[in-house]
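coords_6.pdb (PDB, C-alpha atoms) appears below.
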```
ATOM      1  CA  MET A 110     110.013 149.098 109.506
ATOM      2  CA  LEU A 111     110.916 150.319 112.959
ATOM      3  CA  GLU A 112     113.832 149.016 115.001
ATOM      4  CA  GLN A 113     112.493 147.542 118.235
ATOM      5  CA  PRO A 114     114.854 145.364 120.306
ATOM      6  CA  GLY A 115     113.572 142.912 122.857
ATOM      7  CA  PRO A 116     111.006 140.107 122.708
ATOM      8  CA  TRP A 117     107.966 140.218 120.429
ATOM      9  CA  GLY A 118     104.536 138.770 121.071
ATOM     10  CA  ALA A 119     102.189 137.291 118.475
ATOM     11  CA  LYS A 120     100.950 140.798 117.596
ATOM     12  CA  ALA A 121     104.256 142.535 117.908
ATOM     13  CA  LEU A 122     103.113 146.144 117.526
ATOM     14  CA  THR A 123     101.079 145.823 120.720
ATOM     15  CA  SER A 124     102.984 143.046 122.514
ATOM     16  CA  SER A 125     106.622 144.072 122.630
ATOM     17  CA  HIS A 126     108.688 146.687 124.429
ATOM     18  CA  LEU A 127     107.139 149.245 122.072
ATOM     19  CA  ASP A 128     104.485 151.314 123.864
ATOM     20  CA  PRO A 129     101.252 149.409 123.058
ATOM     21  CA  VAL A 130      99.348 152.697 122.811
ATOM     22  CA  LEU A 131     101.745 153.776 120.071
ATOM     23  CA  GLY A 132     101.481 150.357 118.447
ATOM     24  CA  ARG A 133      97.693 150.560 118.262
ATOM     25  CA  ALA A 134      97.896 154.104 116.913
ATOM     26  CA  LEU A 135     100.326 153.031 114.179
ATOM     27  CA  GLU A 136      98.049 150.148 113.208
ATOM     28  CA  ALA A 137      95.107 152.553 112.954
ATOM     29  CA  ALA A 138      97.110 155.113 110.956
ATOM     30  CA  ALA A 139      98.228 152.516 108.410
ATOM     31  CA  LYS A 140      94.836 150.828 108.003
ATOM     32  CA  ASP A 141      93.549 150.798 104.401
ATOM     33  CA  THR A 142      96.570 152.758 103.127
ATOM     34  CA  GLY A 143      98.471 149.854 101.553
ATOM     35  CA  VAL A 144     101.242 150.253 104.131
ATOM     36  CA  ARG A 145     102.372 147.362 106.303
ATOM     37  CA  ILE A 146     104.302 148.171 109.470
ATOM     38  CA  ALA A 147     106.879 145.728 110.815
ATOM     39  CA  LEU A 148     109.328 145.714 113.706
ATOM     40  CA  ILE A 149     112.960 144.799 113.134
ATOM     41  CA  ARG A 150     115.894 144.016 115.392
ATOM     42  CA  ARG A 151     119.529 143.025 114.988
ATOM     43  CA  PRO A 152     120.267 139.282 115.001
ATOM     44  CA  GLY A 153     121.479 137.754 118.242
ATOM     45  CA  ARG A 154     120.418 137.827 121.884
ATOM     46  CA  HIS A 155     117.520 140.186 122.350
ATOM     47  CA  ALA A 156     115.525 139.625 125.541
ATOM     48  CA  ASP A 157     117.529 142.050 127.689
ATOM     49  CA  ARG A 158     119.087 144.162 124.985
ATOM     50  CA  ARG A 159     119.290 147.861 125.849
ATOM     51  CA  MET A 160     117.142 150.201 123.801
ATOM     52  CA  PRO A 161     119.330 152.244 121.425
ATOM     53  CA  ALA A 162     119.178 156.011 121.808
ATOM     54  CA  SER A 163     118.378 156.305 118.105
ATOM     55  CA  ARG A 164     116.418 153.685 116.212
ATOM     56  CA  ARG A 165     116.681 152.779 112.551
ATOM     57  CA  VAL A 166     113.578 153.290 110.426
ATOM     58  CA  TYR A 167     113.121 152.099 106.844
ATOM     59  CA  ALA A 168     110.389 152.792 104.338
ATOM     60  CA  ALA A 169     110.124 150.891 101.080
ATOM     61  CA  HIS A 170     107.916 150.844  97.994
ATOM     62  CA  VAL A 171     108.179 147.702  95.865
ATOM     63  CA  VAL A 172     105.949 148.297  92.821
ATOM     64  CA  PRO A 173     108.069 147.948  89.638
ATOM     65  CA  GLY A 174     108.797 151.291  88.043
ATOM     66  CA  SER A 175     108.582 152.987  91.446
ATOM     67  CA  VAL A 176     110.892 150.921  93.640
ATOM     68  CA  TRP A 177     112.703 152.713  96.435
ATOM     69  CA  LEU A 178     114.142 152.074  99.888
ATOM     70  CA  HIS A 179     114.813 154.987 102.209
ATOM     71  CA  SER A 180     116.317 154.949 105.684
ATOM     72  CA  ALA A 181     116.275 157.299 108.639
ATOM     73  CA  SER A 182     116.856 157.331 112.394
ATOM     74  CA  THR A 183     114.675 158.616 115.193
ATOM     75  CA  SER A 184     114.917 158.874 118.969
ATOM     76  CA  ASP A 185     111.150 159.374 119.203
ATOM     77  CA  PRO A 186     109.056 156.653 117.496
ATOM     78  CA  GLU A 187     105.892 158.679 118.098
ATOM     79  CA  ARG A 188     107.031 160.923 115.244
ATOM     80  CA  LEU A 189     105.974 158.133 112.900
ATOM     81  CA  LEU A 190     102.356 159.058 113.650
ATOM     82  CA  ASP A 191     102.926 162.320 111.769
ATOM     83  CA  LEU A 192     103.658 160.468 108.539
ATOM     84  CA  ASP A 193     101.188 160.509 105.670
ATOM     85  CA  PHE A 194     100.653 156.770 105.376
ATOM     86  CA  ALA A 195      98.330 157.121 102.404
ATOM     87  CA  ALA A 196     101.088 158.972 100.521
ATOM     88  CA  LEU A 197     103.596 156.258 101.451
ATOM     89  CA  GLY A 198     101.169 153.660 100.141
ATOM     90  CA  ARG A 199     101.075 155.522  96.820
ATOM     91  CA  GLY A 200     104.875 155.495  96.675
ATOM     92  CA  ASP A 201     105.499 159.080  97.814
ATOM     93  CA  HIS A 202     108.440 159.275 100.235
ATOM     94  CA  ARG A 203     108.740 163.074 100.486
ATOM     95  CA  MET A 204     107.145 163.409 103.935
ATOM     96  CA  PHE A 205     109.191 160.487 105.262
ATOM     97  CA  ASP A 206     112.343 162.261 104.127
ATOM     98  CA  ALA A 207     111.279 165.674 105.388
ATOM     99  CA  LEU A 208     109.974 164.516 108.773
ATOM    100  CA  LEU A 209     112.663 161.992 109.689
ATOM    101  CA  GLY A 210     115.623 163.104 107.587
ATOM    102  CA  GLY A 211     115.225 160.059 105.379
ATOM    103  CA  ARG A 212     117.371 159.475 102.337
ATOM    104  CA  PRO A 213     117.904 156.684  99.818
ATOM    105  CA  HIS A 214     119.463 153.581 101.321
ATOM    106  CA  ASP A 215     122.871 153.290  99.681
ATOM    107  CA  GLY A 216     124.043 150.086 101.320
ATOM    108  CA  ASP A 217     123.558 146.426 100.498
ATOM    109  CA  PRO A 218     120.054 144.994 100.012
ATOM    110  CA  LEU A 219     118.176 144.196 103.213
ATOM    111  CA  ALA A 220     117.495 140.594 104.204
ATOM    112  CA  LEU A 221     114.567 140.570 106.628
ATOM    113  CA  VAL A 222     114.390 137.141 108.270
ATOM    114  CA  CYS A 223     111.124 136.337 110.042
ATOM    115  CA  THR A 224     111.883 135.307 113.635
ATOM    116  CA  ASN A 225     108.520 136.027 115.271
ATOM    117  CA  GLY A 226     108.405 132.822 117.298
ATOM    118  CA  LYS A 227     105.335 133.839 119.292
ATOM    119  CA  ARG A 228     103.404 133.967 116.004
ATOM    120  CA  ASP A 229     104.764 130.592 114.943
ATOM    121  CA  ARG A 230     107.644 128.781 116.568
ATOM    122  CA  CYS A 231     109.014 127.677 113.160
ATOM    123  CA  CYS A 232     110.143 131.267 112.701
ATOM    124  CA  ALA A 233     112.232 131.210 115.868
ATOM    125  CA  LEU A 234     113.529 127.647 115.491
ATOM    126  CA  LEU A 235     114.575 128.105 111.859
ATOM    127  CA  GLY A 236     114.715 131.851 111.277
ATOM    128  CA  ARG A 237     116.932 132.976 114.145
ATOM    129  CA  PRO A 238     119.795 130.565 113.325
ATOM    130  CA  LEU A 239     119.662 131.699 109.677
ATOM    131  CA  ALA A 240     119.792 135.391 110.635
ATOM    132  CA  ALA A 241     122.681 134.723 113.022
ATOM    133  CA  GLU A 242     124.603 132.697 110.435
ATOM    134  CA  LEU A 243     124.243 135.425 107.823
ATOM    135  CA  ALA A 244     125.267 138.157 110.248
ATOM    136  CA  THR A 245     128.309 136.317 111.597
ATOM    137  CA  SER A 246     129.473 135.501 108.067
ATOM    138  CA  GLY A 247     129.680 139.210 107.312
ATOM    139  CA  VAL A 248     126.511 139.691 105.255
ATOM    140  CA  GLU A 249     125.386 143.307 105.604
ATOM    141  CA  GLY A 250     121.771 144.400 105.895
ATOM    142  CA  VAL A 251     120.477 141.412 107.897
ATOM    143  CA  TRP A 252     117.595 142.078 110.295
ATOM    144  CA  GLU A 253     115.182 139.921 112.208
ATOM    145  CA  VAL A 254     111.609 140.957 111.386
ATOM    146  CA  THR A 255     108.123 140.349 112.728
ATOM    147  CA  HIS A 256     105.598 138.119 110.969
ATOM    148  CA  LEU A 257     105.930 137.974 107.176
ATOM    149  CA  GLY A 258     103.306 135.321 106.481
ATOM    150  CA  GLY A 259     103.783 131.877 105.012
ATOM    151  CA  HIS A 260     105.459 130.504 108.127
ATOM    152  CA  ARG A 261     105.035 126.933 106.843
ATOM    153  CA  PHE A 262     107.846 127.901 104.419
ATOM    154  CA  SER A 263     110.182 128.871 107.284
ATOM    155  CA  PRO A 264     112.708 130.220 107.346
ATOM    156  CA  THR A 265     111.134 133.000 105.296
ATOM    157  CA  VAL A 266     113.009 136.087 104.137
ATOM    158  CA  LEU A 267     111.914 139.340 102.497
ATOM    159  CA  VAL A 268     114.592 141.008 100.368
ATOM    160  CA  LEU A 269     114.467 144.756  99.825
ATOM    161  CA  PRO A 270     114.417 147.001  97.850
ATOM    162  CA  TYR A 271     112.551 144.799  95.346
ATOM    163  CA  GLY A 272     110.234 143.085  97.839
ATOM    164  CA  TYR A 273     110.603 139.434  96.796
ATOM    165  CA  ALA A 274     110.041 136.783  99.478
ATOM    166  CA  TYR A 275     111.927 133.504  99.766
ATOM    167  CA  GLY A 276     110.925 130.340 101.604
ATOM    168  CA  ARG A 277     112.902 127.530 103.219
ATOM    169  CA  ALA A 278     115.910 129.774 102.795
ATOM    170  CA  GLU A 279     119.477 128.668 103.435
ATOM    171  CA  ALA A 280     122.463 130.917 103.968
ATOM    172  CA  HIS A 281     124.335 129.950 100.797
ATOM    173  CA  SER A 282     121.306 130.404  98.526
ATOM    174  CA  LEU A 283     120.325 133.668 100.202
ATOM    175  CA  LYS A 284     123.791 135.074  99.604
ATOM    176  CA  GLU A 285     123.224 134.456  95.889
ATOM    177  CA  VAL A 286     119.825 136.176  96.140
ATOM    178  CA  LEU A 287     121.384 139.239  97.784
ATOM    179  CA  HIS A 288     124.234 139.351  95.260
ATOM    180  CA  SER A 289     121.688 139.306  92.432
ATOM    181  CA  ALA A 290     119.582 141.990  94.119
ATOM    182  CA  ARG A 291     122.639 144.258  94.249
ATOM    183  CA  GLU A 292     122.776 143.894  90.465
ATOM    184  CA  GLY A 293     119.037 144.478  90.017
ATOM    185  CA  ARG A 294     118.171 140.842  89.285
ATOM    186  CA  ILE A 295     115.822 138.290  90.793
ATOM    187  CA  VAL A 296     116.627 134.674  91.648
ATOM    188  CA  VAL A 297     113.563 132.516  90.965
ATOM    189  CA  GLU A 298     114.659 129.372  92.829
ATOM    190  CA  GLY A 299     113.030 129.359  96.256
ATOM    191  CA  CYS A 300     111.148 132.587  95.493
ATOM    192  CA  ARG A 301     107.571 132.925  96.748
ATOM    193  CA  GLY A 302     106.887 136.045  94.692
ATOM    194  CA  SER A 303     106.799 139.816  94.920
ATOM    195  CA  SER A 304     104.964 141.432  97.809
ATOM    196  CA  ALA A 305     103.630 143.971  95.301
ATOM    197  CA  TRP A 306     101.137 141.376  93.970
ATOM    198  CA  ASP A 307      98.412 139.120  95.322
ATOM    199  CA  ARG A 308      98.986 135.365  95.351
ATOM    200  CA  PRO A 309      97.726 134.649  91.801
ATOM    201  CA  GLY A 310      99.840 137.547  90.529
ATOM    202  CA  GLN A 311     102.906 136.258  92.351
ATOM    203  CA  ALA A 312     102.570 132.836  90.754
ATOM    204  CA  ALA A 313     101.911 134.321  87.311
ATOM    205  CA  GLU A 314     104.875 136.700  87.348
ATOM    206  CA  LEU A 315     107.302 133.978  88.434
ATOM    207  CA  ALA A 316     105.957 131.669  85.725
ATOM    208  CA  VAL A 317     106.665 134.292  83.056
ATOM    209  CA  ARG A 318     110.171 134.823  84.434
ATOM    210  CA  THR A 319     110.839 131.089  84.276
ATOM    211  CA  ARG A 320     109.467 130.796  80.759
ATOM    212  CA  THR A 321     111.283 133.796  79.302
ATOM    213  CA  GLY A 322     114.487 133.836  81.349
ATOM    214  CA  GLU A 323     113.797 137.467  82.292
ATOM    215  CA  TYR A 324     115.364 138.157  85.680
ATOM    216  CA  ALA A 325     115.680 141.961  85.684
ATOM    217  CA  ALA A 326     113.936 143.019  88.888
ATOM    218  CA  GLN A 327     111.684 145.716  87.440
ATOM    219  CA  ALA A 328     111.060 144.255  83.984
ATOM    220  CA  LEU A 329     107.660 142.667  84.722
ATOM    221  CA  SER A 330     104.424 143.941  86.239
ATOM    222  CA  VAL A 331     101.058 142.377  86.955
ATOM    223  CA  VAL A 332      98.634 144.695  85.162
ATOM    224  CA  GLY A 333      95.370 142.801  85.482
ATOM    225  CA  THR A 334      93.691 139.910  87.283
ATOM    226  CA  ALA A 335      90.323 138.540  86.212
ATOM    227  CA  GLY A 336      88.301 135.857  87.963
ATOM    228  CA  THR A 337      87.872 134.654  91.503
ATOM    229  CA  ALA A 338      88.974 131.606  93.457
ATOM    230  CA  PRO A 339      89.645 128.929  92.437
ATOM    231  CA  ARG A 340      90.721 130.227  88.994
ATOM    232  CA  TRP A 341      92.164 133.454  87.663
ATOM    233  CA  GLU A 342      93.494 134.888  84.413
ATOM    234  CA  VAL A 343      96.428 137.166  85.149
ATOM    235  CA  THR A 344      97.986 139.620  82.693
ATOM    236  CA  VAL A 345     101.727 140.158  83.045
ATOM    237  CA  ALA A 346     103.409 142.982  81.115
ATOM    238  CA  HIS A 347     107.051 143.586  80.213
ATOM    239  CA  THR A 348     108.557 147.052  80.043
ATOM    240  CA  ASP A 349     109.324 146.376  76.360
ATOM    241  CA  GLY A 350     105.599 146.038  75.563
ATOM    242  CA  ARG A 351     105.208 142.252  75.543
ATOM    243  CA  ARG A 352     102.303 140.720  77.450
ATOM    244  CA  TRP A 353     101.307 137.272  78.678
ATOM    245  CA  GLN A 354      98.029 135.780  79.848
ATOM    246  CA  VAL A 355      98.598 133.322  82.686
ATOM    247  CA  ASP A 356      95.960 130.895  83.926
ATOM    248  CA  VAL A 357      96.300 130.255  87.647
ATOM    249  CA  ALA A 358      94.266 127.712  89.610
ATOM    250  CA  GLN A 359      93.997 127.280  93.355
ATOM    251  CA  GLY A 360      94.776 123.777  94.499
ATOM    252  CA  ALA A 361      95.517 122.019  97.767
ATOM    253  CA  ALA A 362      99.002 121.134  98.939
ATOM    254  CA  LEU A 363      99.224 117.371  99.376
ATOM    255  CA  PRO A 364      99.803 115.194 101.279
ATOM    256  CA  PRO A 365      98.046 116.768 104.298
ATOM    257  CA  ARG A 366     100.482 118.372 106.721
ATOM    258  CA  PRO A 367     100.534 120.681 109.754
ATOM    259  CA  GLU A 368     100.180 124.261 108.522
ATOM    260  CA  SER A 369     102.588 125.522 111.171
ATOM    261  CA  CYS A 370     104.956 124.227 113.833
ATOM    262  CA  GLY A 371     102.303 124.694 116.504
ATOM    263  CA  ALA A 372      99.452 123.032 114.649
ATOM    264  CA  SER A 373      98.319 119.632 115.914
ATOM    265  CA  VAL A 374      95.820 119.031 113.098
ATOM    266  CA  LEU A 375      96.799 118.126 109.547
ATOM    267  CA  GLY A 376      95.583 120.484 106.828
ATOM    268  CA  SER A 377      95.786 121.028 103.083
ATOM    269  CA  PRO A 378      96.959 124.627 102.661
ATOM    270  CA  ALA A 379      96.006 126.370  99.431
ATOM    271  CA  ARG A 380      98.574 126.556  96.657
ATOM    272  CA  MET A 381      98.702 128.461  93.385
ATOM    273  CA  ASP A 382      99.195 126.283  90.289
ATOM    274  CA  VAL A 383     100.036 127.832  86.922
ATOM    275  CA  VAL A 384      97.976 126.025  84.286
ATOM    276  CA  ALA A 385      99.012 127.899  81.128
ATOM    277  CA  VAL A 386     101.199 130.782  79.948
ATOM    278  CA  ARG A 387     100.336 132.430  76.613
ATOM    279  CA  GLU A 388     102.119 135.364  75.041
ATOM    280  CA  VAL A 389      99.639 137.922  73.725
ATOM    281  CA  ARG A 390     100.457 139.182  70.258
ATOM    282  CA  MET A 391      99.564 142.837  70.074
ATOM    283  CA  ALA A 392      97.756 143.879  66.900
ATOM    284  CA  THR A 393      99.523 146.590  64.928
ATOM    285  CA  ALA A 394      97.339 149.301  63.476
ATOM    286  CA  LEU A 395      98.546 150.878  60.248
ATOM    287  CA  ALA A 396      97.395 154.327  59.327
ATOM    288  CA  GLY A 397      97.364 155.745  55.811
TER     289      GLY A 397
END
```
So, in terms of structure tokens, how does the structure I just supplied come out?
Amino acid sequence: MLEQPGPWGAKALTSSHLDPVLGRALEAAAKDTGVRIALIRRPGRHADRRMPASRRVYAAHVVPGSVWLHSASTSDPERLLDLDFAALGRGDHRMFDALLGGRPHDGDPLALVCTNGKRDRCCALLGRPLAAELATSGVEGVWEVTHLGGHRFSPTVLVLPYGYAYGRAEAHSLKEVLHSAREGRIVVEGCRGSSAWDRPGQAAELAVRTRTGEYAAQALSVVGTAGTAPRWEVTVAHTDGRRWQVDVAQGAALPPRPESCGASVLGSPARMDVVAVREVRMATALAG
């Protein structure tokens, strides 16, 4: 995540006040590495905001067991091209730290509110007031961010370091989410899942949390997904050795609705429905 004040276009890396040549180069460098690059800016007026001499940069890895959030500052965004994006995708932050002077983020969790109105105007109409409300109420770590996906759930928010996304967020509920994140816990209400997993895995992990009452952020991992659309069998594992098989089916959200604020045609966006959750009893082998 790179701080970039000013307006953002639909494809923000190449349609903002960031040099589009640099934006295209960053996109190419991150391709197929598992790294997603986003632009961030402080809440509030932005169209004519002066570029800061030093910009904030964050890198995060959200896979349970290897969760980290590091921060740095740079006056030269082109230095990001020297990063080893493949290593970042694997969860290795050493080059980020060495190149940019990065270190573990020791502040409050980050609340990244999607406000990319050129991608979908829902994000500007609903996201920017939420970001401003949080910031003016004294919540630390609030940033506006470029497209997160799932704009029909606007306002959408990604919470770091754990990487869980929330939809149709409100300030009072998000404050609870951030308080829980400070304590290493996840709030399930309003949660759209962890960005570490694909959509079936997101649905499966949240279903296990709801069933078991396990809210520790790094307690569960998706360790296997079998099948293809419209049905999957997902294996969710606990750090204590327990496992669950979760049947997930793809359905259609009804009744038909516009899939975004700018859509004029009604659609039936895909949804993930959890059909069954079964705890797997591990066989115990006795030797002797």
Residues matched by the PyMOL selection byres ((chain A and resi 142) around 8) as a VMD selection string:
chain A and resid 139 to 141 143 to 144 194 to 195 198
Would you mind exporting the chosen residues as a compact mmCIF listing (two decimals), in the frame of the given file, restricted to C-alpha atoms?
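And here is the file that came out, part-v5.txt:
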```txt
# COMPACT_ATOMS: atom_id res chain seq x y z
CA ALA A 139 98.23 152.52 108.41
CA LYS A 140 94.84 150.83 108.00
CA ASP A 141 93.55 150.80 104.40
CA GLY A 143 98.47 149.85 101.55
CA VAL A 144 101.24 150.25 104.13
CA PHE A 194 100.65 156.77 105.38
CA ALA A 195 98.33 157.12 102.40
CA GLY A 198 101.17 153.66 100.14
```
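If you measure from each of A:Val343, A:Ala220, A:Val384, A:Ala233 to Ala290 (chain A) using all atoms listed in the file, the closest one turns out to be A:Ala220.
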Within 9 Å of Leu269 (chain A), counting all atoms listed in the file, which residues show up once you throw out same-chain ones fewer than 5 positions away? Write them as a ChimeraX atom specification, please.
/A:169,171,177-178,218-221,290
Please evaluate the PyMOL selection byres ((chain A and resi 287) around 10) against the displayed coordinates and give the resulting residues as a list in words.
Asp217, Pro218, Leu219, Ala220, Val248, Glu249, Gly250, Val268, Leu269, Ser282, Leu283, Lys284, Glu285, Val286, His288, Ser289, Ala290, Arg291, Glu292, Gly293, Arg294, Ile295 and Val296 of chain A
To test your reading of the syntax: which residues would the PyMOL selection byres ((chain A and resi 318) around 12) return for the file shown? Reply as a PyMOL selection string.
chain A and resi 294-298+300+302+311-317+319-330+345-347+353+355+386
Mind giving me the straight-line distance from CA of Val166 (chain A) to CA of Leu239 (chain A) in Å, one decimal?
22.4 Å
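Shortest atom-to-atom contact with Ala241 (chain A) among A:Gly118, A:Gly360, A:Gly210, A:Gly153: A:Gly153, counting only C-alpha atoms.
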Enter the distance from CA of Ala385 (chain A) to CA of Val332 (chain A), in Å, rounded to one decimal.
17.3 Å
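For the choices A:Arg145, A:Val222, A:Trp306, A:Val251, the atom-to-atom distance to Ala278 (chain A) is smallest for A:Val222 when using all atoms listed in the file.
Note that CA of Ala119 (chain A) and CA of Ala361 (chain A) are 26.6 Å apart.
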Compile the contact shell of Ala121 (chain A) as a ChimeraX atom specification: residues with an atom at most 10 Å away, counting all atoms listed in the file, same-chain residues fewer than 2 positions apart removed.
/A:113,116-119,123-127,129,132,147-148,225,227-228,254-256
Just want the 12 Å neighbourhood of region 204-207 of chain A, counted on only C-alpha atoms, with same-chain residues fewer than 2 positions away dropped. Output as a ChimeraX atom specification.
/A:166-169,178-183,188-198,200-202,209-214
Could you model all heavy atoms for region 172-181 of chain A and present them as a tab-separated table (two decimals), in the frame of the given file?
```tsv
chain	number	residue	atom	x	y	z
A	172	VAL	N	106.64	148.43	94.11
A	172	VAL	CA	105.95	148.30	92.82
A	172	VAL	C	106.94	148.61	91.70
A	172	VAL	O	107.56	149.69	91.70
A	172	VAL	CB	104.73	149.23	92.74
A	172	VAL	CG1	104.07	149.13	91.36
A	172	VAL	CG2	103.73	148.87	93.83
A	173	PRO	N	107.11	147.70	90.72
A	173	PRO	CA	108.07	147.95	89.64
A	173	PRO	C	107.81	149.28	88.95
A	173	PRO	O	106.67	149.67	88.72
A	173	PRO	CB	107.82	146.77	88.69
A	173	PRO	CG	107.33	145.68	89.57
A	173	PRO	CD	106.49	146.36	90.61
A	174	GLY	N	108.89	149.96	88.62
A	174	GLY	CA	108.80	151.29	88.04
A	174	GLY	C	108.82	152.39	89.08
A	174	GLY	O	109.07	153.55	88.76
A	175	SER	N	108.55	152.02	90.35
A	175	SER	CA	108.58	152.99	91.45
A	175	SER	C	109.14	152.33	92.70
A	175	SER	O	108.58	152.41	93.77
A	175	SER	CB	107.17	153.53	91.72
A	175	SER	OG	107.20	154.50	92.77
A	176	VAL	N	110.26	151.62	92.52
A	176	VAL	CA	110.89	150.92	93.64
A	176	VAL	C	111.85	151.86	94.35
A	176	VAL	O	112.68	152.51	93.71
A	176	VAL	CB	111.64	149.67	93.15
A	176	VAL	CG1	112.54	149.10	94.24
A	176	VAL	CG2	110.65	148.61	92.68
A	177	TRP	N	111.73	151.95	95.66
A	177	TRP	CA	112.70	152.71	96.44
A	177	TRP	C	112.77	152.18	97.86
A	177	TRP	O	111.85	151.54	98.35
A	177	TRP	CB	112.39	154.22	96.45
A	177	TRP	CG	110.98	154.62	96.81
A	177	TRP	CD1	109.98	154.96	95.95
A	177	TRP	CD2	110.42	154.74	98.13
A	177	TRP	NE1	108.83	155.28	96.63
A	177	TRP	CE2	109.08	155.16	97.97
A	177	TRP	CE3	110.91	154.55	99.42
A	177	TRP	CZ2	108.23	155.38	99.06
A	177	TRP	CZ3	110.07	154.76	100.50
A	177	TRP	CH2	108.75	155.19	100.32
A	178	LEU	N	113.90	152.43	98.50
A	178	LEU	CA	114.14	152.07	99.89
A	178	LEU	C	114.87	153.24	100.53
A	178	LEU	O	115.97	153.58	100.12
A	178	LEU	CB	114.98	150.79	99.98
A	178	LEU	CG	115.46	150.37	101.37
A	178	LEU	CD1	114.29	150.07	102.29
A	178	LEU	CD2	116.39	149.15	101.26
A	179	HIS	N	114.22	153.85	101.51
A	179	HIS	CA	114.81	154.99	102.21
A	179	HIS	C	115.01	154.63	103.67
A	179	HIS	O	114.26	153.82	104.23
A	179	HIS	CB	113.92	156.22	102.09
A	179	HIS	CG	114.01	156.89	100.75
A	179	HIS	ND1	113.92	158.25	100.58
A	179	HIS	CD2	114.19	156.38	99.51
A	179	HIS	CE1	114.03	158.54	99.29
A	179	HIS	NE2	114.20	157.43	98.63
A	180	SER	N	116.02	155.22	104.28
A	180	SER	CA	116.32	154.95	105.68
A	180	SER	C	116.43	156.25	106.46
A	180	SER	O	116.72	157.32	105.89
A	180	SER	CB	117.61	154.14	105.82
A	180	SER	OG	118.71	154.89	105.37
A	181	ALA	N	116.18	156.15	107.75
A	181	ALA	CA	116.28	157.30	108.64
A	181	ALA	C	116.53	156.78	110.05
A	181	ALA	O	116.57	155.56	110.28
A	181	ALA	CB	114.98	158.13	108.60
```
